[in-house]
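> What follows is protein24.txt, compact mmCIF, C-alpha atoms.
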# COMPACT_ATOMS: atom_id res chain seq x y z
CA MET A 1 16.58 9.22 -49.93
CA ASN A 2 15.45 10.96 -53.12
CA LYS A 3 12.60 9.15 -54.84
CA GLU A 4 11.91 9.81 -58.48
CA GLU A 5 8.97 8.86 -60.71
CA ILE A 6 7.91 5.25 -61.17
CA TYR A 7 8.99 3.83 -64.52
CA ASP A 8 7.46 0.97 -66.50
CA VAL A 9 10.90 -0.49 -67.13
CA ILE A 10 14.28 0.09 -65.57
CA ILE A 11 17.16 -1.41 -67.50
CA VAL A 12 20.38 -2.00 -65.60
CA GLY A 13 23.30 -1.68 -67.99
CA GLY A 14 23.88 0.33 -71.16
CA GLY A 15 25.66 -2.12 -73.43
CA ALA A 16 24.26 -3.61 -76.63
CA ALA A 17 21.57 -5.60 -74.78
CA GLY A 18 20.52 -2.73 -72.51
CA LEU A 19 20.43 -0.12 -75.26
CA THR A 20 18.40 -2.43 -77.51
CA ALA A 21 15.94 -3.08 -74.68
CA GLY A 22 15.84 0.71 -74.19
CA ILE A 23 15.02 1.30 -77.87
CA TYR A 24 12.27 -1.33 -77.94
CA SER A 25 10.72 -0.36 -74.59
CA SER A 26 10.66 3.38 -75.18
CA ARG A 27 9.38 2.94 -78.74
CA ALA A 28 6.54 0.85 -77.25
CA LYS A 29 5.67 3.96 -75.21
CA LEU A 30 6.81 2.41 -71.95
CA SER A 31 8.48 4.90 -69.65
CA THR A 32 12.03 3.61 -69.65
CA LEU A 33 15.17 4.38 -67.69
CA ILE A 34 18.63 2.92 -68.27
CA LEU A 35 20.93 2.92 -65.23
CA ASN A 36 24.51 2.28 -66.26
CA GLU A 37 27.48 1.90 -63.95
CA GLY A 38 30.20 2.57 -66.53
CA ALA A 39 30.43 4.28 -69.89
CA ILE A 40 27.55 3.72 -72.31
CA GLY A 41 28.23 0.92 -74.79
CA GLY A 42 29.69 -1.70 -72.45
CA GLN A 43 32.03 -4.23 -74.03
CA MET A 44 30.91 -3.02 -77.46
CA VAL A 45 33.02 0.15 -77.18
CA LEU A 46 36.04 -2.03 -76.47
CA THR A 47 35.80 -3.41 -80.01
CA GLU A 48 38.06 -1.65 -82.44
CA GLU A 49 36.25 -2.87 -85.53
CA ILE A 50 32.88 -4.47 -86.10
CA ALA A 51 32.60 -5.98 -89.56
CA ASN A 52 29.90 -8.61 -89.08
CA TYR A 53 26.95 -6.65 -87.74
CA PRO A 54 24.24 -7.27 -90.35
CA GLY A 55 23.09 -4.22 -92.27
CA VAL A 56 26.02 -2.09 -91.12
CA GLU A 57 29.21 -1.99 -93.13
CA ARG A 58 32.53 -1.84 -91.31
CA THR A 59 32.22 0.33 -88.17
CA ASN A 60 33.66 0.56 -84.68
CA GLY A 61 32.06 -0.24 -81.36
CA TYR A 62 31.99 3.36 -80.17
CA LEU A 63 30.06 4.60 -83.20
CA LEU A 64 27.61 1.70 -83.08
CA ALA A 65 27.03 2.24 -79.35
CA ASN A 66 26.49 5.96 -79.85
CA THR A 67 23.96 5.32 -82.62
CA MET A 68 22.06 2.92 -80.35
CA LYS A 69 22.15 5.48 -77.52
CA LYS A 70 20.83 8.18 -79.87
CA GLN A 71 18.03 5.89 -81.08
CA ALA A 72 16.97 5.09 -77.51
CA LYS A 73 16.99 8.75 -76.48
CA GLU A 74 15.00 9.80 -79.55
CA TYR A 75 12.19 7.48 -78.43
CA GLY A 76 12.22 9.04 -74.97
CA CYS A 77 14.43 6.60 -73.06
CA ARG A 78 16.22 8.28 -70.16
CA ILE A 79 19.82 7.29 -69.55
CA LYS A 80 21.89 7.81 -66.42
CA SER A 81 25.46 6.52 -66.53
CA ASN A 82 28.64 6.34 -64.44
CA LEU A 83 26.68 5.73 -61.27
CA LYS A 84 26.95 3.05 -58.59
CA ILE A 85 24.05 0.84 -57.55
CA SER A 86 24.15 -0.10 -53.89
CA ARG A 87 20.99 -2.19 -53.46
CA TYR A 88 18.26 -4.01 -55.38
CA GLU A 89 14.74 -4.67 -54.05
CA LEU A 90 13.15 -6.70 -56.84
CA GLU A 91 10.76 -9.11 -55.14
CA GLY A 92 7.50 -7.14 -54.95
CA GLU A 93 5.31 -5.88 -57.78
CA LEU A 94 7.09 -2.55 -57.55
CA LYS A 95 10.86 -2.91 -57.95
CA HIS A 96 13.35 -0.53 -56.34
CA ILE A 97 16.96 0.22 -57.22
CA ILE A 98 18.93 2.34 -54.78
CA LEU A 99 22.13 4.15 -55.71
CA GLU A 100 25.14 4.75 -53.50
CA ASP A 101 24.38 8.48 -53.47
CA GLY A 102 20.94 7.78 -51.98
CA ARG A 103 18.80 8.23 -55.06
CA GLU A 104 16.10 5.60 -55.48
CA PHE A 105 14.41 4.56 -58.74
CA SER A 106 11.28 2.42 -58.94
CA SER A 107 9.61 0.50 -61.75
CA ARG A 108 7.07 -2.19 -62.50
CA SER A 109 9.60 -4.32 -64.35
CA VAL A 110 13.36 -4.61 -64.54
CA ILE A 111 15.72 -5.83 -67.25
CA LEU A 112 19.15 -6.79 -65.94
CA SER A 113 21.91 -6.34 -68.52
CA PRO A 114 24.97 -5.38 -66.47
CA GLY A 115 27.33 -7.10 -68.91
CA GLY A 116 30.78 -8.33 -68.04
CA ARG A 117 34.30 -7.02 -67.60
CA PRO A 118 37.84 -8.25 -68.30
CA ARG A 119 38.90 -10.68 -65.62
CA PRO A 120 41.78 -9.23 -63.57
CA LEU A 121 44.42 -11.59 -62.19
CA GLU A 122 44.00 -10.07 -58.71
CA ILE A 123 47.61 -10.67 -57.73
CA PRO A 124 49.99 -8.30 -55.93
CA GLY A 125 51.15 -5.34 -58.00
CA GLU A 126 48.43 -5.50 -60.67
CA GLU A 127 46.73 -2.21 -59.77
CA ARG A 128 50.05 -0.50 -59.05
CA PHE A 129 51.54 -1.18 -62.48
CA LYS A 130 48.37 -0.64 -64.54
CA GLY A 131 49.50 1.83 -67.21
CA SER A 132 53.13 1.42 -66.16
CA GLY A 133 53.74 -1.97 -67.71
CA ILE A 134 50.40 -3.76 -67.29
CA SER A 135 47.81 -3.38 -70.03
CA TYR A 136 44.54 -4.93 -71.12
CA CYS A 137 44.61 -3.62 -74.70
CA ALA A 138 47.33 -4.46 -77.22
CA THR A 139 45.90 -2.15 -79.87
CA CYS A 140 46.00 0.79 -77.45
CA ASP A 141 49.33 0.26 -75.75
CA GLY A 142 51.39 -2.03 -78.00
CA GLU A 143 53.54 0.79 -79.37
CA PHE A 144 54.80 1.66 -75.87
CA PHE A 145 56.59 -1.70 -75.92
CA THR A 146 58.47 -1.29 -79.19
CA ASP A 147 61.53 -3.58 -79.21
CA LYS A 148 60.71 -4.74 -75.69
CA GLU A 149 59.77 -8.12 -74.23
CA VAL A 150 56.25 -8.71 -73.01
CA ILE A 151 54.12 -11.48 -71.56
CA VAL A 152 50.56 -12.19 -72.70
CA VAL A 153 48.40 -13.96 -70.14
CA GLY A 154 45.58 -16.17 -71.42
CA GLY A 155 44.72 -18.92 -73.84
CA GLY A 156 41.59 -17.76 -75.60
CA ASN A 157 41.11 -16.07 -78.96
CA SER A 158 41.80 -12.59 -77.60
CA ALA A 159 45.07 -13.64 -75.99
CA LEU A 160 46.46 -15.39 -79.04
CA GLU A 161 45.29 -12.82 -81.57
CA GLU A 162 46.60 -9.93 -79.48
CA ALA A 163 49.91 -11.77 -78.96
CA VAL A 164 50.35 -12.01 -82.72
CA ALA A 165 49.41 -8.32 -83.10
CA LEU A 166 51.97 -7.37 -80.43
CA THR A 167 54.82 -8.97 -82.38
CA THR A 168 54.66 -6.05 -84.84
CA HIS A 169 56.02 -3.83 -82.04
CA THR A 170 57.83 -6.03 -79.56
CA SER A 171 61.04 -8.04 -79.80
CA LYS A 172 59.50 -11.05 -78.08
CA VAL A 173 56.12 -12.19 -76.73
CA THR A 174 55.75 -14.97 -74.17
CA ILE A 175 52.28 -16.44 -73.79
CA VAL A 176 51.64 -17.75 -70.28
CA HIS A 177 48.64 -20.04 -69.95
CA GLN A 178 47.32 -22.02 -67.02
CA PHE A 179 46.33 -25.15 -68.98
CA ASP A 180 48.29 -27.54 -71.22
CA HIS A 181 46.13 -26.59 -74.21
CA PHE A 182 44.49 -23.43 -75.60
CA GLN A 183 40.77 -22.59 -75.70
CA ALA A 184 41.26 -20.43 -78.80
CA PHE A 185 40.10 -21.46 -82.26
CA ARG A 186 42.55 -23.61 -84.17
CA HIS A 187 43.45 -20.93 -86.72
CA ALA A 188 44.40 -18.51 -83.92
CA VAL A 189 46.60 -21.12 -82.24
CA GLU A 190 48.30 -22.02 -85.52
CA GLN A 191 48.95 -18.38 -86.34
CA ALA A 192 50.58 -17.83 -82.95
CA GLN A 193 52.62 -21.06 -83.18
CA ALA A 194 53.90 -20.06 -86.60
CA ASN A 195 55.22 -16.74 -85.30
CA GLU A 196 58.92 -16.91 -84.47
CA LYS A 197 58.69 -14.08 -81.94
CA ILE A 198 56.24 -15.99 -79.73
CA GLU A 199 57.28 -18.37 -76.95
CA PHE A 200 54.82 -20.48 -74.93
CA ILE A 201 54.85 -21.29 -71.23
CA MET A 202 52.03 -23.69 -70.44
CA GLU A 203 50.50 -24.85 -67.14
CA SER A 204 51.78 -21.73 -65.40
CA GLU A 205 50.28 -18.68 -63.69
CA LEU A 206 51.69 -15.30 -62.72
CA ARG A 207 51.84 -14.75 -58.98
CA SER A 208 53.07 -11.15 -58.56
CA PHE A 209 54.36 -8.04 -60.32
CA SER A 210 57.27 -5.92 -59.12
CA GLY A 211 59.41 -3.01 -60.24
CA ASN A 212 60.68 0.41 -59.35
CA GLY A 213 58.07 2.83 -60.69
CA VAL A 214 57.48 0.71 -63.78
CA LEU A 215 56.99 -3.04 -64.14
CA GLN A 216 60.30 -4.89 -64.28
CA GLU A 217 59.72 -8.42 -63.04
CA VAL A 218 57.06 -11.07 -62.59
CA SER A 219 57.01 -14.19 -60.50
CA MET A 220 55.44 -17.26 -62.04
CA GLU A 221 54.32 -20.63 -60.72
CA HIS A 222 54.60 -23.82 -62.75
CA LEU A 223 51.36 -25.44 -61.63
CA PRO A 224 52.25 -29.18 -61.87
CA THR A 225 55.42 -28.75 -59.77
CA GLY A 226 54.59 -25.65 -57.72
CA LYS A 227 58.00 -24.24 -58.64
CA ILE A 228 58.18 -20.43 -58.51
CA SER A 229 60.47 -18.60 -60.91
CA LYS A 230 61.17 -14.92 -61.56
CA ARG A 231 61.42 -13.33 -64.97
CA LYS A 232 62.57 -9.87 -66.08
CA ILE A 233 59.92 -8.33 -68.32
CA ASP A 234 58.95 -4.94 -69.77
CA GLY A 235 55.21 -5.43 -70.01
CA VAL A 236 52.32 -7.79 -69.36
CA PHE A 237 49.09 -7.88 -71.36
CA ILE A 238 46.22 -9.61 -69.59
CA PHE A 239 43.48 -11.40 -71.56
CA ALA A 240 42.16 -13.82 -68.98
CA GLY A 241 38.53 -13.83 -70.10
CA TYR A 242 35.48 -11.99 -68.80
CA ILE A 243 33.40 -12.19 -65.66
CA PRO A 244 29.72 -11.21 -65.44
CA ASN A 245 28.91 -8.09 -63.40
CA THR A 246 26.49 -9.94 -61.18
CA ALA A 247 28.16 -9.82 -57.76
CA ASP A 248 25.41 -7.56 -56.38
CA LEU A 249 22.69 -9.87 -57.72
CA LYS A 250 23.72 -12.94 -55.71
CA GLY A 251 20.81 -14.14 -53.61
CA ILE A 252 18.39 -11.93 -55.58
CA VAL A 253 18.02 -13.82 -58.86
CA ARG A 254 19.22 -17.34 -59.59
CA LEU A 255 22.79 -17.56 -60.88
CA ASN A 256 24.80 -20.54 -62.09
CA GLU A 257 28.21 -21.59 -60.75
CA ARG A 258 29.91 -18.99 -63.00
CA ASN A 259 27.63 -16.28 -61.58
CA GLU A 260 25.72 -15.95 -64.85
CA ILE A 261 22.00 -15.19 -64.54
CA LEU A 262 19.71 -18.10 -65.36
CA VAL A 263 16.92 -17.17 -67.79
CA ASP A 264 14.35 -19.03 -69.88
CA SER A 265 13.84 -18.51 -73.62
CA ASP A 266 11.79 -15.35 -72.89
CA MET A 267 14.68 -13.93 -70.84
CA LYS A 268 12.68 -14.34 -67.62
CA THR A 269 14.76 -14.72 -64.46
CA SER A 270 13.71 -16.54 -61.30
CA LEU A 271 11.86 -13.38 -60.16
CA SER A 272 8.50 -12.27 -61.56
CA GLY A 273 8.81 -9.08 -63.61
CA VAL A 274 12.60 -9.30 -63.74
CA PHE A 275 14.29 -10.17 -67.02
CA ALA A 276 17.94 -10.42 -68.06
CA ALA A 277 19.87 -10.03 -71.30
CA GLY A 278 23.35 -9.88 -72.76
CA ASP A 279 26.72 -11.07 -71.49
CA CYS A 280 25.45 -11.54 -67.91
CA ILE A 281 23.20 -14.51 -68.72
CA GLN A 282 24.06 -18.16 -69.08
CA LYS A 283 24.71 -18.78 -72.75
CA LYS A 284 27.37 -20.10 -75.10
CA TYR A 285 27.95 -17.29 -77.60
CA ARG A 286 28.64 -13.66 -76.72
CA GLN A 287 28.41 -11.32 -79.68
CA VAL A 288 26.92 -7.86 -80.24
CA THR A 289 24.25 -9.55 -82.35
CA THR A 290 23.32 -12.04 -79.62
CA ALA A 291 23.18 -9.25 -77.03
CA VAL A 292 20.87 -7.27 -79.33
CA SER A 293 18.67 -10.35 -79.71
CA ASP A 294 18.55 -10.89 -75.94
CA GLY A 295 17.67 -7.24 -75.35
CA THR A 296 14.86 -7.39 -77.90
CA ILE A 297 13.34 -10.50 -76.34
CA ALA A 298 13.70 -9.15 -72.79
CA SER A 299 11.96 -5.91 -73.77
CA LEU A 300 9.08 -7.66 -75.52
CA SER A 301 8.69 -10.04 -72.57
CA ALA A 302 8.68 -7.13 -70.14
CA ALA A 303 5.99 -5.39 -72.23
CA GLU A 304 3.90 -8.55 -72.19
CA TYR A 305 4.38 -8.88 -68.44
CA LEU A 306 3.24 -5.27 -67.93
CA ARG A 307 0.13 -5.80 -70.09
CA SER A 308 -0.83 -8.86 -68.09
CA MET B 1 39.66 14.12 -84.18
CA LEU B 2 38.07 12.70 -81.04
CA HIS B 3 34.33 12.12 -81.26
CA THR B 4 33.27 13.16 -77.76
CA ASP B 5 30.96 15.78 -76.30
CA LEU B 6 33.95 17.42 -74.59
CA HIS B 7 35.92 20.40 -75.84
CA GLU B 8 38.87 19.22 -77.93
CA ILE B 9 42.12 21.13 -77.57
CA GLU B 10 43.89 21.33 -80.91
CA THR B 11 47.14 23.12 -80.12
CA ALA B 12 49.71 23.28 -77.36
CA ALA B 13 49.16 27.02 -77.20
CA GLU B 14 45.46 26.47 -76.59
CA LEU B 15 46.23 24.09 -73.74
CA GLU B 16 48.67 26.56 -72.20
CA LYS B 17 46.05 29.30 -72.44
CA MET B 18 43.42 27.08 -70.84
CA ILE B 19 45.55 26.14 -67.86
CA ALA B 20 46.67 29.75 -67.45
CA GLU B 21 43.11 31.07 -67.42
CA ASN B 22 41.46 28.35 -65.33
CA GLU B 23 42.29 27.29 -61.79
CA ASN B 24 41.30 23.64 -62.28
CA VAL B 25 41.72 21.81 -65.58
CA MET B 26 41.40 18.11 -66.44
CA VAL B 27 42.63 17.03 -69.88
CA CYS B 28 42.42 13.47 -71.20
CA CYS B 29 44.91 12.81 -73.99
CA GLY B 30 44.01 9.67 -75.92
CA ARG B 31 42.47 8.02 -78.93
CA MET B 32 39.03 6.63 -79.71
CA GLY B 33 40.09 3.34 -78.14
CA PRO B 34 38.73 1.00 -75.47
CA MET B 35 40.88 2.33 -72.64
CA CYS B 36 40.19 6.00 -73.46
CA ILE B 37 36.46 6.05 -74.25
CA PRO B 38 35.36 5.11 -70.70
CA VAL B 39 37.41 8.03 -69.32
CA TYR B 40 35.78 10.44 -71.79
CA GLY B 41 32.41 9.08 -70.61
CA VAL B 42 33.30 9.79 -66.99
CA MET B 43 34.39 13.33 -67.92
CA GLU B 44 31.19 13.99 -69.87
CA GLU B 45 29.19 13.03 -66.78
CA LEU B 46 31.33 15.09 -64.42
CA GLU B 47 31.34 18.16 -66.65
CA GLU B 48 27.68 18.73 -65.78
CA GLU B 49 28.24 18.65 -62.03
CA CYS B 50 31.75 20.06 -61.52
CA GLU B 51 31.47 23.69 -62.51
CA ASN B 52 34.80 24.60 -60.94
CA VAL B 53 36.71 22.31 -63.32
CA LYS B 54 37.40 22.83 -67.03
CA PHE B 55 37.25 19.51 -68.89
CA ALA B 56 38.86 18.87 -72.28
CA VAL B 57 40.35 16.16 -74.48
CA MET B 58 43.33 16.16 -76.80
CA ALA B 59 44.21 13.71 -79.59
CA PHE B 60 47.23 11.65 -78.54
CA ASP B 61 48.57 11.35 -82.09
CA SER B 62 48.54 15.08 -82.79
CA PRO B 63 52.06 16.53 -82.85
CA GLU B 64 50.67 19.31 -80.64
CA ALA B 65 49.96 16.73 -77.92
CA GLY B 66 53.71 16.43 -77.40
CA ILE B 67 53.16 19.00 -74.65
CA ILE B 68 51.43 16.21 -72.69
CA ARG B 69 53.27 13.14 -74.04
CA ASN B 70 56.64 14.66 -73.12
CA ASP B 71 55.60 16.14 -69.79
CA GLU B 72 57.85 15.03 -66.93
CA ALA B 73 54.76 13.80 -65.06
CA CYS B 74 54.15 11.25 -67.83
CA ARG B 75 57.59 9.67 -67.63
CA GLY B 76 57.17 5.89 -67.51
CA PHE B 77 53.57 6.00 -68.74
CA MET B 78 52.83 3.01 -70.95
CA GLY B 79 49.08 3.03 -71.26
CA LEU B 80 46.51 5.25 -72.92
CA PRO B 81 45.01 7.63 -72.10
CA PHE B 82 47.35 10.08 -70.38
CA THR B 83 45.10 12.13 -68.09
CA MET B 84 46.38 15.42 -66.72
CA TYR B 85 45.06 17.45 -63.80
CA TYR B 86 46.30 21.06 -63.72
CA LYS B 87 45.95 23.30 -60.68
CA ASN B 88 46.87 26.99 -61.00
CA GLY B 89 48.82 26.33 -64.18
CA LYS B 90 50.85 23.42 -62.82
CA VAL B 91 50.44 19.65 -63.08
CA ALA B 92 48.80 18.49 -59.87
CA ARG B 93 48.43 14.86 -60.92
CA ALA B 94 48.77 12.65 -63.99
CA THR B 95 47.45 9.14 -64.58
CA SER B 96 48.05 6.49 -67.20
CA SER B 97 45.51 4.00 -68.61
CA ILE B 98 41.82 3.57 -67.93
CA GLN B 99 40.28 5.16 -64.82
CA ASN B 100 36.76 4.73 -63.49
CA MET B 101 34.40 7.33 -62.08
CA GLN B 102 35.46 6.72 -58.49
CA GLN B 103 39.16 7.04 -59.29
CA VAL B 104 38.63 10.29 -61.19
CA LYS B 105 36.34 11.69 -58.50
CA THR B 106 38.90 10.89 -55.81
CA ILE B 107 41.56 12.90 -57.67
CA LEU B 108 39.19 15.80 -58.33
CA ASP B 109 38.16 15.91 -54.68
CA GLU B 110 41.75 15.75 -53.50
CA HIS B 111 43.23 18.37 -55.81
CA PHE B 112 40.28 20.53 -56.88
CA CYS B 113 38.07 20.16 -53.78
CA THR B 114 35.11 19.38 -56.04
CA ALA B 115 33.21 17.60 -53.26
CA GLU B 116 33.22 20.77 -51.14
CA VAL B 117 32.49 23.13 -54.03
CA ASN B 118 29.56 21.04 -55.27
CA ALA B 119 28.17 20.28 -51.79
Could you render the structure as structure tokens?


Amino acid sequence: MNKEEIYDVIIVGGGAAGLTAGIYSSRAKLSTLILNEGAIGGQMVLTEEIANYPGVERTNGYLLANTMKKQAKEYGCRIKSNLKISRYELEGELKHIILEDGREFSSRSVILSPGGRPRPLEIPGEERFKGSGISYCATCDGEFFTDKEVIVVGGGNSALEEAVALTTHTSKVTIVHQFDHFQAFRHAVEQAQANEKIEFIMESELRSFSGNGVLQEVSMEHLPTGKISKRKIDGVFIFAGYIPNTADLKGIVRLNERNEILVDSDMKTSLSGVFAAGDCIQKKYRQVTTAVSDGTIASLSAAEYLRS
Amino acid sequence: MLHTDLHEIETAAELEKMIAENENVMVCCGRMGPMCIPVYGVMEELEEECENVKFAVMAFDSPEAGIIRNDEACRGFMGLPFTMYYKNGKVARATSSIQNMQQVKTILDEHFCTAEVNA
């Protein structure tokens, strides 16, 4: 195992919350390391346009994330990304995070901000047809389905807004949703209902994908009756919500029934010296601005913890 | 233009030259979108450790990128980015849509033997 220096703060995750915590911690002269499993920016880089971030006129998530990364680095924050954490040892005064490749990083405090990821359906054929009929981004892949029929899975704002956006390319969009009502805001539902190209199938879930090289057919279950039907289709766009990246933290810090980390108003978790911020914590609203706020508070709390 | 730290190929001729002059080449053809950016991030990380592979990006909407968009290996692709792996001037593998570090590494190890070279 390769041990490196001991940091004041290790931040797990490089999204809006983690980068903000990195900026605040390194600017406070705390030796700071961000360990990030994916690409820097988290869910923020998945946002095509950000128009409501105070003080910044219209921008996109990638540019905002890169600016935050640059700010953190300028204050001395070290960033390591695209790695895989295999184990956490967070109980003692000195915390340890061990990577799959054997490297071990230690610190006196930890801020957990691993974020979340789009929820996959986890049904047969999903991985096989990813990029060959299954997509998670209408803006990216909508044009590949010009004059074709697609299904949109989900009932939240993303699903309904993306369904409407897809009608500019496709001949028909069918929204498949598991409940008898939508979770999306009223204006999004009304916009979708007013669109003649959109059909709705409620109280139903997809069960499998099939095709010869590319996606050609789905099977679907009508939940109240259990009846399975098959449907020819050219593409499926999945917007089934997000899940927190906290699977490896089970049994280490307290989570709620949705596997979100429980924190107090200072972003303290159930473990001393361990804080959490961003989309991984239990909260109602998930915005870049709320993640930035969480990251700020977590960093200041960690600094106070280190002083004490 | 793609805002990444990777070399951006601007013409089909430049791509042809690159794959002719380098044994192992990985090119990600996409946009600055949510499915593409994570792949660029993976490539930026790998570029530092895989010296036997030439990494580059190409803008999907450039007419010059037709050399990738119309490649036989990309037939049926319906998700950005289109990622190409060239070995000795020929397409060794092509993938569609987002890929994570492990998926990219698996392909590099299989076709370019990067695990052995970097061991």

> What is the distance, in Å and to one decimal place, between atom CA of B:Arg31 and atom CA of B:Arg93?

20.2 Å

> Taking all atoms of stretch 91-108 of chain B that the file lists and extending 6 Å past them on each side, where is the centre of the axis-aligned box and how long are its edges? Answer in Å to one decimal, as lines of an AutoDock Vina configuration file.


center_x = 42.4
center_y = 11.6
center_z = -62.2
size_x = 28.0
size_y = 28.1
size_z = 24.8

> Could you list, as a ChimeraX atom specification, every residue within 6 Å of stretch 237-253 of chain A, counting only C-alpha atoms and ignoring same-chain residues fewer than 2 positions away?

/A:114-119,134-136,152-154,159,270,280

> Using 9 Å as the limit and counting only C-alpha atoms, can you tabulate each residue of chain B that touches chain A, with its shortest atom-to-atom distance in Å and the two atoms involved, as a tab-separated table?


residue	atom	partner	partner_atom	distance
B:His3	CA	A:Leu63	CA	8.9
B:Arg31	CA	A:Cys140	CA	8.2
B:Met32	CA	A:Tyr62	CA	7.8
B:Gly33	CA	A:Cys140	CA	6.5
B:Pro34	CA	A:Leu46	CA	4.2
B:Met35	CA	A:Cys140	CA	7.2
B:Cys36	CA	A:Cys140	CA	8.8
B:Ile37	CA	A:Val45	CA	7.4
B:Pro38	CA	A:Ala39	CA	5.1
B:Val39	CA	A:Ala39	CA	7.9
B:Tyr40	CA	A:Ala39	CA	8.4
B:Gly41	CA	A:Ala39	CA	5.2
B:Val42	CA	A:Asn82	CA	6.3
B:Glu45	CA	A:Asn82	CA	7.1
B:Gly76	CA	A:Ser132	CA	6.2
B:Phe77	CA	A:Ser132	CA	5.3
B:Met78	CA	A:Ser132	CA	5.1
B:Gly79	CA	A:Gly131	CA	4.2
B:Leu80	CA	A:Cys140	CA	6.4
B:Pro81	CA	A:Cys140	CA	8.7
B:Thr95	CA	A:Gly131	CA	8.0
B:Ser96	CA	A:Gly131	CA	4.9
B:Ser97	CA	A:Gly131	CA	4.8
B:Ile98	CA	A:Gly131	CA	7.9
B:Asn100	CA	A:Gly38	CA	7.5
B:Met101	CA	A:Asn82	CA	6.3

> Which residues, written as a PyMOL selection string, have at least one atom at most 8 Å from B:Cys29, with all atoms listed in the file counted and residues fewer than 6 positions away on the same chain left out?

chain B and resi 57-60+65+68+80-84

> Identify, on the basis of all atoms listed in the file, every residue whose closest approach to A:Met267 does not exceed 7 Å; exclude the query and any residue fewer than 3 positions from it along the same chain; express the result as a ChimeraX atom specification.

/A:263-264,275-277,297-298

> What's the separation between atom CA of A:Gln183 and atom CA of A:Gly156, in Å to one decimal place?

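A separation of 4.9 Å between them.
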
> What is the atom CA of A:Leu90-atom CA of A:Arg254 distance in Å, reported with one decimal?

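If I compute the distance from atom CA of A:Leu90 to atom CA of A:Arg254, I get 12.6 Å.
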